[in-house]
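Coordinates as given in start.tsv (TSV, C-alpha atoms):
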chain	number	residue	atom	x	y	z
A	1	MET	CA	96.92	84.59	125.31
A	2	SER	CA	97.18	87.01	122.37
A	3	ALA	CA	97.33	90.05	124.69
A	4	MET	CA	100.41	88.65	126.38
A	5	LEU	CA	102.31	87.74	123.23
A	6	SER	CA	104.42	89.98	121.06
A	7	ASN	CA	103.12	90.64	117.55
A	8	GLU	CA	105.85	88.41	116.12
A	9	GLN	CA	105.02	85.52	118.49
A	10	GLN	CA	101.32	85.79	117.69
A	11	ALA	CA	102.03	85.89	113.95
A	12	PHE	CA	104.16	82.74	114.16
A	13	LEU	CA	101.46	80.87	116.13
A	14	ASP	CA	98.74	82.01	113.73
A	15	HIS	CA	100.77	80.78	110.75
A	16	ALA	CA	101.52	77.44	112.43
A	17	THR	CA	97.89	76.96	113.47
A	18	THR	CA	96.72	77.53	109.90
A	19	SER	CA	99.41	75.20	108.54
A	20	PHE	CA	98.40	72.31	110.82
A	21	ALA	CA	94.64	72.72	110.39
A	22	VAL	CA	92.89	69.99	108.38
A	23	SER	CA	89.47	70.70	106.91
A	24	ASP	CA	86.56	68.28	106.96
A	25	GLU	CA	86.71	68.17	103.18
A	26	SER	CA	90.36	67.11	103.31
A	27	LEU	CA	89.56	64.42	105.87
A	28	ASN	CA	86.78	63.01	103.69
A	29	THR	CA	89.23	62.89	100.80
A	30	ILE	CA	91.74	61.06	103.00
A	31	VAL	CA	89.11	58.42	103.88
A	32	THR	CA	88.24	57.92	100.21
A	33	ARG	CA	91.86	57.72	99.03
A	34	ALA	CA	92.96	55.42	101.86
A	35	HIS	CA	90.01	53.12	101.19
A	36	ALA	CA	90.93	52.94	97.51
A	37	GLU	CA	94.59	52.32	98.34
A	38	LEU	CA	93.64	49.37	100.57
A	39	PHE	CA	91.85	47.77	97.61
A	40	ARG	CA	94.74	48.58	95.27
A	41	GLY	CA	97.25	46.96	97.61
A	42	LEU	CA	95.23	43.72	97.57
A	43	SER	CA	95.22	43.74	93.79
A	44	THR	CA	98.85	44.38	92.97
A	45	SER	CA	102.33	44.33	94.45
A	46	GLN	CA	103.32	47.15	92.07
A	47	GLY	CA	102.20	50.77	92.19
A	48	SER	CA	100.55	50.70	95.62
A	49	GLU	CA	101.77	52.54	98.70
A	50	LEU	CA	100.48	49.74	100.92
A	51	LEU	CA	102.13	46.37	101.30
A	52	MET	CA	98.87	44.57	102.20
A	53	LYS	CA	100.75	41.39	103.09
A	54	PRO	CA	98.59	38.32	103.87
A	55	THR	CA	99.67	36.70	107.11
A	56	PHE	CA	98.64	33.07	107.31
A	57	ILE	CA	97.52	32.79	110.89
A	58	ARG	CA	95.43	29.73	111.69
A	59	PRO	CA	92.62	29.63	114.26
A	60	PRO	CA	93.56	28.18	117.67
A	61	THR	CA	94.02	24.45	117.24
A	62	ALA	CA	96.86	23.84	119.66
A	63	ARG	CA	96.92	20.57	121.55
A	64	PRO	CA	95.78	20.66	125.19
A	65	SER	CA	98.65	21.16	127.66
A	66	SER	CA	101.02	22.35	124.92
A	67	VAL	CA	103.35	25.21	125.82
A	68	SER	CA	104.60	27.93	123.49
A	69	LEU	CA	106.58	31.16	123.74
A	70	GLY	CA	105.87	34.67	122.52
A	71	MET	CA	108.72	37.12	121.98
A	72	SER	CA	108.37	40.86	121.42
A	73	ILE	CA	111.38	42.74	120.05
A	74	SER	CA	111.21	46.53	120.25
A	75	ALA	CA	111.95	48.56	117.12
A	76	SER	CA	115.31	49.59	118.59
A	77	GLY	CA	116.16	45.96	119.38
A	78	SER	CA	117.20	46.92	122.91
A	79	ARG	CA	114.13	45.64	124.78
A	80	ILE	CA	112.80	42.10	124.57
A	81	ARG	CA	109.75	40.68	126.32
A	82	ILE	CA	109.06	36.95	126.49
A	83	THR	CA	105.95	35.18	127.68
A	84	SER	CA	104.89	31.55	127.83
A	85	ILE	CA	101.37	30.23	127.41
A	86	SER	CA	99.78	26.85	127.95
A	87	VAL	CA	96.58	25.57	126.40
A	88	ASP	CA	93.86	24.13	128.61
A	89	SER	CA	91.57	21.19	127.85
A	90	ASN	CA	89.19	23.54	125.99
A	91	SER	CA	92.05	24.72	123.73
A	92	THR	CA	91.99	28.12	125.45
A	93	PRO	CA	95.43	29.76	125.66
A	94	LEU	CA	96.42	30.80	129.19
A	95	ARG	CA	99.30	33.13	129.99
A	96	THR	CA	101.67	31.67	132.58
A	97	HIS	CA	104.79	33.82	132.89
A	98	THR	CA	106.28	37.01	131.40
A	99	GLN	CA	109.73	38.53	131.70
A	100	VAL	CA	111.32	41.73	130.33
A	101	PHE	CA	114.98	42.00	129.25
A	102	THR	CA	116.92	45.18	128.41
A	103	MET	CA	120.15	45.18	126.44
A	104	GLN	CA	122.91	46.99	128.31
A	105	SER	CA	125.53	47.01	125.54
A	106	THR	CA	125.11	49.02	122.35
A	107	THR	CA	127.42	46.66	120.44
A	108	GLN	CA	125.80	43.31	121.25
A	109	ASN	CA	124.12	41.48	118.39
A	110	VAL	CA	120.34	41.76	118.74
A	111	PHE	CA	119.76	38.12	117.85
A	112	ASP	CA	122.40	36.72	120.21
A	113	PHE	CA	120.87	38.93	122.90
A	114	ALA	CA	117.46	37.39	122.10
A	115	ALA	CA	118.94	33.91	122.36
A	116	ASN	CA	120.43	34.71	125.77
A	117	CYS	CA	117.05	36.00	126.91
A	118	VAL	CA	115.36	32.76	125.85
A	119	ARG	CA	117.99	30.69	127.66
A	120	GLU	CA	117.42	32.63	130.88
A	121	PHE	CA	113.64	32.46	130.48
A	122	VAL	CA	113.25	28.77	129.60
A	123	GLN	CA	115.91	27.09	131.78
A	124	HIS	CA	115.21	23.60	130.41
A	125	ASP	CA	115.90	21.62	127.22
A	126	SER	CA	112.35	20.92	126.01
A	127	SER	CA	111.62	21.79	122.39
A	128	LEU	CA	109.42	24.87	122.23
A	129	PRO	CA	107.85	26.92	119.43
A	130	VAL	CA	108.19	30.71	119.60
A	131	GLY	CA	106.11	33.30	117.80
A	132	VAL	CA	107.86	36.65	117.32
A	133	THR	CA	106.31	40.10	117.10
A	134	ILE	CA	108.41	43.11	116.14
A	135	GLY	CA	107.90	46.86	116.19
A	136	VAL	CA	108.79	47.22	112.51
A	137	PRO	CA	106.15	46.85	109.77
A	138	CYS	CA	106.87	43.76	107.68
A	139	GLY	CA	108.74	44.85	104.57
A	140	ALA	CA	109.70	48.26	105.99
A	141	LEU	CA	113.08	49.06	107.49
A	142	THR	CA	112.74	52.21	109.57
A	143	GLU	CA	115.48	54.48	110.84
A	144	TYR	CA	114.90	53.67	114.50
A	145	ALA	CA	115.05	49.92	113.83
A	146	ARG	CA	118.37	48.43	114.81
A	147	GLY	CA	118.94	45.98	111.97
A	148	LEU	CA	115.43	44.55	112.27
A	149	HIS	CA	114.01	43.73	108.87
A	150	ALA	CA	110.92	41.55	109.00
A	151	CYS	CA	112.08	39.55	105.99
A	152	ASP	CA	115.08	38.04	107.78
A	153	VAL	CA	114.31	38.28	111.51
A	154	GLY	CA	113.13	34.66	111.57
A	155	ARG	CA	116.20	33.35	109.78
A	156	LYS	CA	118.65	35.29	111.96
A	157	LEU	CA	116.86	34.30	115.15
A	158	CYS	CA	116.94	30.62	114.16
A	159	ALA	CA	120.66	30.90	113.43
A	160	ALA	CA	121.25	32.54	116.84
A	161	PHE	CA	119.27	29.79	118.60
A	162	VAL	CA	121.40	27.15	116.86
A	163	ARG	CA	124.64	29.00	117.72
A	164	ASN	CA	123.57	29.10	121.34
A	165	HIS	CA	122.43	25.45	121.41
A	166	LEU	CA	118.78	26.24	122.16
A	167	ASN	CA	116.03	23.78	121.33
A	168	VAL	CA	113.62	26.52	120.21
A	169	HIS	CA	112.14	27.05	116.73
A	170	VAL	CA	110.56	30.18	115.26
A	171	THR	CA	107.06	29.57	113.86
A	172	SER	CA	106.07	33.10	112.82
A	173	VAL	CA	107.32	36.69	112.63
A	174	THR	CA	104.64	39.37	112.56
A	175	HIS	CA	104.25	43.06	113.23
A	176	GLY	CA	102.68	44.04	116.53
A	177	ALA	CA	99.42	44.98	114.78
A	178	VAL	CA	98.97	41.42	113.50
A	179	SER	CA	99.81	39.96	116.91
A	180	ALA	CA	97.36	42.37	118.55
A	181	LEU	CA	94.71	41.23	116.08
A	182	VAL	CA	95.36	37.56	116.89
A	183	ALA	CA	95.11	38.22	120.63
A	184	SER	CA	91.94	40.25	120.28
A	185	ARG	CA	90.25	37.62	118.13
A	186	ILE	CA	90.89	35.04	120.82
A	187	GLN	CA	89.31	37.29	123.42
A	188	LYS	CA	86.87	39.59	121.62
A	189	ALA	CA	86.47	38.51	117.96
A	190	THR	CA	87.84	41.81	116.64
A	191	GLN	CA	88.25	42.56	112.91
A	192	VAL	CA	90.79	45.43	113.03
A	193	ALA	CA	93.84	46.16	115.20
A	194	ALA	CA	96.03	49.27	114.97
A	195	VAL	CA	99.22	50.02	116.86
A	196	PHE	CA	100.54	53.57	117.32
A	197	ASP	CA	104.08	53.31	118.69
A	198	GLY	CA	107.25	54.89	117.33
A	199	GLY	CA	105.89	53.69	114.01
A	200	VAL	CA	102.32	52.97	113.00
A	201	ASN	CA	100.58	49.96	111.49
A	202	ALA	CA	97.17	48.32	111.21
A	203	ALA	CA	95.99	44.80	110.46
A	204	TYR	CA	92.56	43.42	109.66
A	205	VAL	CA	90.84	40.15	108.80
A	206	GLU	CA	90.20	39.42	105.12
A	207	GLN	CA	89.00	36.52	103.02
A	208	LEU	CA	91.88	35.03	101.07
A	209	GLY	CA	89.85	35.22	97.86
A	210	GLN	CA	89.88	39.03	98.11
A	211	VAL	CA	93.68	39.10	97.84
A	212	CYS	CA	93.67	39.33	94.05
A	213	LYS	CA	97.46	39.46	93.73
A	214	LEU	CA	97.60	35.85	94.96
A	215	ARG	CA	96.51	32.77	93.08
A	216	VAL	CA	94.35	30.71	95.38
A	217	SER	CA	92.22	27.62	94.89
A	218	GLU	CA	88.43	27.68	95.09
A	219	GLU	CA	88.61	25.68	98.30
A	220	THR	CA	90.71	28.31	100.09
A	221	LYS	CA	89.02	31.51	98.85
A	222	SER	CA	86.82	31.72	101.93
A	223	SER	CA	89.72	31.16	104.34
A	224	LEU	CA	90.45	34.08	106.65
A	225	VAL	CA	93.88	35.68	106.84
A	226	ALA	CA	95.30	38.68	108.67
A	227	ILE	CA	96.34	41.49	106.33
A	228	ASP	CA	99.40	43.48	107.41
A	229	THR	CA	98.53	46.79	105.71
A	230	ASP	CA	101.78	48.71	106.39
A	231	ILE	CA	99.44	51.70	106.70
A	232	GLY	CA	102.29	53.92	107.90
A	233	ASN	CA	103.42	54.21	104.28
A	234	PHE	CA	100.14	55.76	103.15
A	235	GLY	CA	99.61	59.34	102.10
A	236	SER	CA	102.36	60.67	99.85
A	237	ARG	CA	99.76	62.09	97.45
A	238	VAL	CA	96.95	63.16	99.78
A	239	LEU	CA	97.99	63.84	103.38
A	240	PRO	CA	98.49	67.51	104.35
A	241	VAL	CA	102.12	68.27	105.14
A	242	THR	CA	103.71	71.45	106.41
A	243	MET	CA	107.18	72.87	105.92
A	244	TRP	CA	108.12	71.35	109.29
A	245	ASP	CA	106.91	67.90	108.21
A	246	ARG	CA	108.92	68.16	105.01
A	247	ARG	CA	112.02	69.11	106.98
A	248	VAL	CA	111.64	66.16	109.37
A	249	ASP	CA	111.13	63.84	106.40
A	250	ARG	CA	114.07	65.25	104.45
A	251	GLU	CA	116.45	64.91	107.39
A	252	SER	CA	115.32	61.39	108.34
A	253	LYS	CA	117.00	58.20	107.16
A	254	CYS	CA	113.63	56.89	106.01
A	255	VAL	CA	112.21	59.34	103.48
A	256	GLY	CA	108.50	58.87	102.82
A	257	ARG	CA	106.06	56.96	105.07
A	258	VAL	CA	104.02	60.14	105.35
A	259	PHE	CA	101.20	58.89	107.57
A	260	GLU	CA	103.72	57.46	110.03
A	261	LYS	CA	105.59	60.78	110.07
A	262	LEU	CA	102.42	62.69	110.98
A	263	VAL	CA	101.14	60.41	113.75
A	264	GLY	CA	104.01	58.16	114.90
A	265	GLY	CA	105.59	58.59	118.31
A	266	HIS	CA	109.06	58.71	116.81
A	267	TYR	CA	108.23	61.84	114.83
A	268	MET	CA	105.55	63.98	116.53
A	269	GLY	CA	107.96	65.27	119.17
A	270	GLU	CA	110.50	66.07	116.47
A	271	ILE	CA	107.92	68.14	114.60
A	272	VAL	CA	107.28	70.15	117.77
A	273	ARG	CA	111.02	70.52	118.34
A	274	ASN	CA	111.42	71.96	114.84
A	275	LEU	CA	108.67	74.47	115.55
A	276	ILE	CA	110.42	75.45	118.80
A	277	ILE	CA	113.80	75.83	117.07
A	278	ASP	CA	112.25	78.03	114.39
A	279	MET	CA	110.93	80.31	117.14
A	280	VAL	CA	114.34	80.24	118.86
A	281	ASP	CA	116.08	81.23	115.62
A	282	ARG	CA	113.64	84.12	115.25
A	283	ARG	CA	114.40	85.12	118.86
A	284	LEU	CA	110.80	84.49	119.86
A	285	LEU	CA	111.64	81.88	122.56
A	286	PHE	CA	114.40	81.36	125.13
A	287	THR	CA	116.34	84.48	124.17
A	288	THR	CA	118.49	84.34	127.33
A	289	CYS	CA	118.80	80.56	127.68
A	290	ASN	CA	121.31	77.97	126.53
A	291	VAL	CA	119.40	76.05	123.85
A	292	GLN	CA	122.10	73.51	123.04
A	293	GLU	CA	120.19	70.53	124.45
A	294	ILE	CA	116.87	71.27	122.72
A	295	SER	CA	118.80	71.75	119.47
A	296	VAL	CA	119.71	68.04	119.38
A	297	PRO	CA	117.48	66.19	116.86
A	298	TYR	CA	114.84	63.92	118.43
A	299	SER	CA	115.60	65.20	121.93
A	300	PHE	CA	112.01	66.35	122.48
A	301	HIS	CA	110.08	63.10	122.87
A	302	SER	CA	106.45	62.64	121.93
A	303	ALA	CA	105.84	61.28	125.44
A	304	TYR	CA	106.29	64.82	126.78
A	305	MET	CA	103.36	66.15	124.76
A	306	GLY	CA	100.47	64.50	126.61
A	307	PRO	CA	101.47	65.81	130.07
A	308	ILE	CA	102.23	69.25	128.61
A	309	ILE	CA	98.80	69.50	126.99
A	310	GLU	CA	97.07	68.41	130.20
A	311	ASP	CA	99.05	70.56	132.63
A	312	LEU	CA	100.75	73.87	131.85
A	313	GLU	CA	103.16	73.36	134.75
A	314	ALA	CA	104.52	70.25	133.02
A	315	VAL	CA	106.16	72.49	130.40
A	316	ASP	CA	108.52	74.10	132.89
A	317	ALA	CA	109.14	70.74	134.62
A	318	VAL	CA	110.07	69.00	131.35
A	319	PHE	CA	112.26	71.80	130.00
A	320	ALA	CA	114.07	72.32	133.30
A	321	ALA	CA	114.78	68.61	133.80
A	322	GLU	CA	115.56	67.62	130.20
A	323	PHE	CA	117.02	70.77	128.63
A	324	GLY	CA	118.14	73.00	131.50
A	325	ILE	CA	115.74	75.74	130.41
A	326	GLN	CA	113.56	77.80	132.72
A	327	CYS	CA	110.40	78.73	130.82
A	328	SER	CA	108.49	81.94	131.37
A	329	PRO	CA	104.69	81.68	131.69
A	330	ILE	CA	104.30	82.97	128.13
A	331	GLU	CA	106.82	80.44	126.81
A	332	CYS	CA	104.98	77.65	128.62
A	333	ARG	CA	101.73	78.60	126.92
A	334	ILE	CA	103.37	78.87	123.51
A	335	ILE	CA	104.93	75.41	123.81
A	336	ARG	CA	101.63	73.91	124.93
A	337	SER	CA	99.95	75.49	121.90
A	338	LEU	CA	102.57	73.97	119.58
A	339	CYS	CA	102.06	70.53	121.13
A	340	SER	CA	98.28	70.85	120.91
A	341	MET	CA	98.22	71.74	117.21
A	342	VAL	CA	100.49	68.82	116.28
A	343	VAL	CA	98.46	66.35	118.36
A	344	GLU	CA	95.13	67.64	117.06
A	345	ARG	CA	96.29	67.28	113.45
A	346	ALA	CA	97.61	63.77	114.21
A	347	ALA	CA	94.34	62.68	115.84
A	348	ARG	CA	92.19	63.93	112.98
A	349	VAL	CA	94.35	62.32	110.28
A	350	ALA	CA	94.66	59.07	112.28
A	351	GLY	CA	90.89	58.91	112.76
A	352	ALA	CA	90.27	59.38	109.03
A	353	VAL	CA	92.73	56.67	108.01
A	354	LEU	CA	91.37	54.27	110.64
A	355	ALA	CA	87.85	54.92	109.32
A	356	ALA	CA	89.03	53.75	105.89
A	357	VAL	CA	90.42	50.51	107.38
A	358	VAL	CA	87.19	49.94	109.32
A	359	LEU	CA	85.14	50.43	106.16
A	360	LYS	CA	87.35	48.02	104.19
A	361	ALA	CA	87.10	45.36	106.90
A	362	LYS	CA	83.37	46.01	107.50
A	363	ALA	CA	84.39	45.96	111.16
A	364	ASP	CA	82.19	46.46	114.17
A	365	LYS	CA	85.08	46.06	116.65
A	366	VAL	CA	88.50	47.71	116.61
A	367	VAL	CA	91.48	47.31	118.93
A	368	LEU	CA	93.81	50.28	119.45
A	369	SER	CA	97.10	50.20	121.34
A	370	GLY	CA	100.52	51.78	121.50
A	371	THR	CA	102.76	54.12	123.43
A	372	VAL	CA	101.39	57.18	121.59
A	373	PHE	CA	97.97	56.63	123.13
A	374	ASP	CA	99.39	55.52	126.48
A	375	ALA	CA	101.25	58.82	126.82
A	376	ASN	CA	98.46	60.96	125.40
A	377	PRO	CA	94.93	59.82	126.35
A	378	ARG	CA	93.44	62.96	124.82
A	379	MET	CA	94.81	61.99	121.42
A	380	LEU	CA	93.21	58.56	121.83
A	381	ASP	CA	89.83	60.12	122.57
A	382	GLU	CA	90.08	62.55	119.65
A	383	THR	CA	91.22	59.81	117.26
A	384	VAL	CA	88.27	57.60	118.17
A	385	ARG	CA	85.85	60.52	117.90
A	386	GLU	CA	87.21	61.43	114.46
A	387	MET	CA	87.06	57.82	113.26
A	388	GLN	CA	83.44	57.47	114.35
A	389	SER	CA	82.49	60.75	112.67
A	390	ARG	CA	83.89	59.57	109.31
A	391	LEU	CA	81.85	56.36	109.23
A	392	PRO	CA	78.47	56.24	107.45
A	393	ASN	CA	75.51	57.66	109.35
A	394	GLY	CA	74.34	55.33	112.07
A	395	ALA	CA	77.43	53.09	111.90
A	396	LYS	CA	79.08	52.59	115.26
A	397	THR	CA	82.26	50.66	115.84
A	398	GLU	CA	83.19	49.38	119.28
A	399	VAL	CA	86.70	50.44	120.25
A	400	VAL	CA	88.78	48.41	122.68
A	401	VAL	CA	92.04	49.78	124.10
A	402	GLN	CA	94.54	46.96	124.36
A	403	SER	CA	97.54	46.60	126.61
A	404	PRO	CA	101.00	46.09	125.02
A	405	SER	CA	101.17	42.67	126.68
A	406	ASP	CA	98.34	41.49	124.43
A	407	GLU	CA	100.60	41.74	121.36
A	408	LEU	CA	103.01	39.42	123.16
A	409	PHE	CA	100.14	37.08	123.98
A	410	GLY	CA	99.14	37.07	120.29
A	411	ALA	CA	102.66	36.10	119.25
A	412	ALA	CA	102.57	33.14	121.67
A	413	VAL	CA	99.16	32.12	120.31
A	414	ASN	CA	100.67	32.16	116.80
A	415	ALA	CA	103.33	29.75	117.99
A	416	ALA	CA	100.77	27.43	119.56
A	417	CYS	CA	98.50	27.35	116.52
A	418	ILE	CA	100.79	27.04	113.54

Rewrite the structure of this file - the entire thing - as structure tokens.
Amino acid sequence: MSAMLSNEQQAFLDHATTSFAVSDESLNTIVTRAHAELFRGLSTSQGSELLMKPTFIRPPTARPSSVSLGMSISASGSRIRITSISVDSNSTPLRTHTQVFTMQSTTQNVFDFAANCVREFVQHDSSLPVGVTIGVPCGALTEYARGLHACDVGRKLCAAFVRNHLNVHVTSVTHGAVSALVASRIQKATQVAAVFDGGVNAAYVEQLGQVCKLRVSEETKSSLVAIDTDIGNFGSRVLPVTMWDRRVDRESKCVGRVFEKLVGGHYMGEIVRNLIIDMVDRRLLFTTCNVQEISVPYSFHSAYMGPIIEDLEAVDAVFAAEFGIQCSPIECRIIRSLCSMVVERAARVAGAVLAAVVLKAKADKVVLSGTVFDANPRMLDETVREMQSRLPNGAKTEVVVQSPSDELFGAAVNAACI
């Protein structure tokens, strides 16, 4: 490619490639620091980047033939999925029905919309428990979350159910990572679950006695709880950031959350867009095109990156359809290179941080899910490879790729078991 590029284009790509490269030494440091931060978060609520919130999820003890609901609310609040499960005579939860609802109005209250969805889904007056899973880490309010704060979702949902005369009660509100962990433990006895969507989070199983910031009795120290790590907030002092990362962070409504900014679906496309705009401003790309559409923040979605990396022709298809730009062959190759370097950096950093969670949980099974991996299978493969390479010699962790519907199933299991 270098022979086809101008000297200025090649110099920009060389600088960007160097900026996004992460050395093995840096990755080992990330594993060590993330591992230490996980312990620190269990010990104190002050001075740790990680929330490490214990989530008191009981093992399945629901009565046979009981019915419960699971509700998934997207981070934007505009998409709600509801499922119902029943429990058979062996206390095994069985999924019975699932429905997806999309909010059409941008002014409708999220919680009243959720209540309307439940009314349409249930269509009878029986009292039902509902477990809720949300795309926002508990305790973190992110810029793409439409008024969803984990601390008051349950209260506001209950109030909406009462306003709408629904005989439904909320039993739990958890992040998708915790719900994924619950579902996987029913099916595969997994110790760690991580979700890579617009935001990022991980949950793992811990003994209550290891949560030093809580006072617990001797009788409950061996009880198992799910720990909501809020891992997206990790990394302000150790993760490698570039000038483009700093710009995205500075211009966001949610400053910080460095790990999430490097690997989350909400941000990776924006990092690439900033690289593209820098090349446009230097007259290294699209010199004869109208670049108004690509200049809009967050207009280049992370979902474009997987197809672009896999197929060079996807670059021209995406830019023509979404931005009205016809790309030259050289421009297509430049954009694919930009996408590749951002994804490669994300996969390596994600693998290192996941390795730290696996080590803390002493896990031999991990569940991964999320739209980032759905749209970019190569990133999934590279993340798993990096995670495995950062574990002690000889240690192998089984990785299971979970469907988004399993998080919903886990929320319904929460409702049946609490």

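Across the structure, atom CA of A:Ala189 and atom CA of A:Ser68 are spaced 21.7 Å apart.
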
Distance in Å - atom CA of A:Arg333 versus atom CA of A:Asp316: 10.1 Å

Near A:Ser72, within 10 Å and counting all atoms listed in the file, which residues show up once chain neighbours fewer than 4 positions away are dropped, as a short mmCIF file (atom, residue, chain, number, x, y, z; two decimals) with C-alpha atoms, keeping the file's coordinate frame?
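Wrote it out as selection36.cif, contents follow:
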data_model
loop_
_atom_site.label_atom_id
_atom_site.label_comp_id
_atom_site.auth_asym_id
_atom_site.auth_seq_id
_atom_site.Cartn_x
_atom_site.Cartn_y
_atom_site.Cartn_z
CA GLY A 77 116.16 45.96 119.38
CA ARG A 79 114.13 45.64 124.78
CA ILE A 80 112.80 42.10 124.57
CA ARG A 81 109.75 40.68 126.32
CA ILE A 82 109.06 36.95 126.49
CA THR A 83 105.95 35.18 127.68
CA VAL A 100 111.32 41.73 130.33
CA ALA A 114 117.46 37.39 122.10
CA GLY A 131 106.11 33.30 117.80
CA VAL A 132 107.86 36.65 117.32
CA THR A 133 106.31 40.10 117.10
CA ILE A 134 108.41 43.11 116.14
CA GLY A 135 107.90 46.86 116.19
CA VAL A 173 107.32 36.69 112.63
CA THR A 174 104.64 39.37 112.56
CA HIS A 175 104.25 43.06 113.23
CA GLY A 176 102.68 44.04 116.53
CA SER A 179 99.81 39.96 116.91
CA PRO A 404 101.00 46.09 125.02
CA SER A 405 101.17 42.67 126.68
CA GLU A 407 100.60 41.74 121.36
CA LEU A 408 103.01 39.42 123.16
CA PHE A 409 100.14 37.08 123.98
CA ALA A 411 102.66 36.10 119.25
CA ALA A 412 102.57 33.14 121.67
#

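Nearest to A:Glu251 of all the residues A:Asn274, A:Asn116, A:Gln207, A:Asn109 is A:Asn274, based on only C-alpha atoms.
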
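Residue nearest A:Ser19 within the list A:Ile231, A:Leu42, A:Leu275, A:Leu128: A:Leu275 [criterion: smallest interatomic distance, all atoms listed in the file].
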
Contacts of A:Arg348 at 9 Å (all atoms listed in the file; same-chain gap of 4+ positions) as a ChimeraX atom specification: /A:22,27,343-344,352-353,382-383,385-387

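If you look at atom CA of A:Gly370 and atom CA of A:Gly47, they are 29.4 Å away from each other.
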
Exercise: A:Lys360 partners within 9 Å, all atoms listed in the file, chain neighbours under 6 positions left out, as a list in words: His35, Leu38, Phe39 and Tyr204 of chain A

Take the residues from that selection and put them in a file with C-alpha atoms, as a JSON list (two decimals), in the frame of the given file.
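So the final result, stored in again29.json, reads:
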[["chain", "number", "residue", "atom", "x", "y", "z"],
["A", 35, "HIS", "CA", 90.01, 53.12, 101.19],
["A", 38, "LEU", "CA", 93.64, 49.37, 100.57],
["A", 39, "PHE", "CA", 91.85, 47.77, 97.61],
["A", 204, "TYR", "CA", 92.56, 43.42, 109.66]]

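The residues that lie within 10 Å of the point (87.5, 43.1, 106.5), counting only C-alpha atoms, are A:Gln191, A:Val192, A:Ala203, A:Tyr204, A:Val205, A:Glu206, A:Gln207, A:Gln210, A:Leu224, A:Val225, A:Ala226, A:Ile227, A:Val357, A:Val358, A:Leu359, A:Lys360, A:Ala361, A:Lys362, A:Ala363, A:Asp364.
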
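Using all atoms listed in the file, the smallest distance between any of A:Val87, A:Leu208, A:Val168, A:Val195 and A:Ser43 comes from A:Leu208.
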
Close residues, A:Ser126 itself excluded, 10 Å, all atoms listed in the file, min 4 positions apart in chain, as a ChimeraX atom specification: /A:67,122,166-168

A:Phe323 surroundings by all atoms listed in the file, 9 Å radius, close-in-sequence under 3 positions cut, as a ChimeraX atom specification: /A:290-294,299,318-320,326

Pull C-alpha atoms from the residues just selected and write them as a short mmCIF file (atom, residue, chain, number, x, y, z; two decimals), in the coordinates of the input.
data_model
loop_
_atom_site.label_atom_id
_atom_site.label_comp_id
_atom_site.auth_asym_id
_atom_site.auth_seq_id
_atom_site.Cartn_x
_atom_site.Cartn_y
_atom_site.Cartn_z
CA ASN A 290 121.31 77.97 126.53
CA VAL A 291 119.40 76.05 123.85
CA GLN A 292 122.10 73.51 123.04
CA GLU A 293 120.19 70.53 124.45
CA ILE A 294 116.87 71.27 122.72
CA SER A 299 115.60 65.20 121.93
CA VAL A 318 110.07 69.00 131.35
CA PHE A 319 112.26 71.80 130.00
CA ALA A 320 114.07 72.32 133.30
CA GLN A 326 113.56 77.80 132.72
#
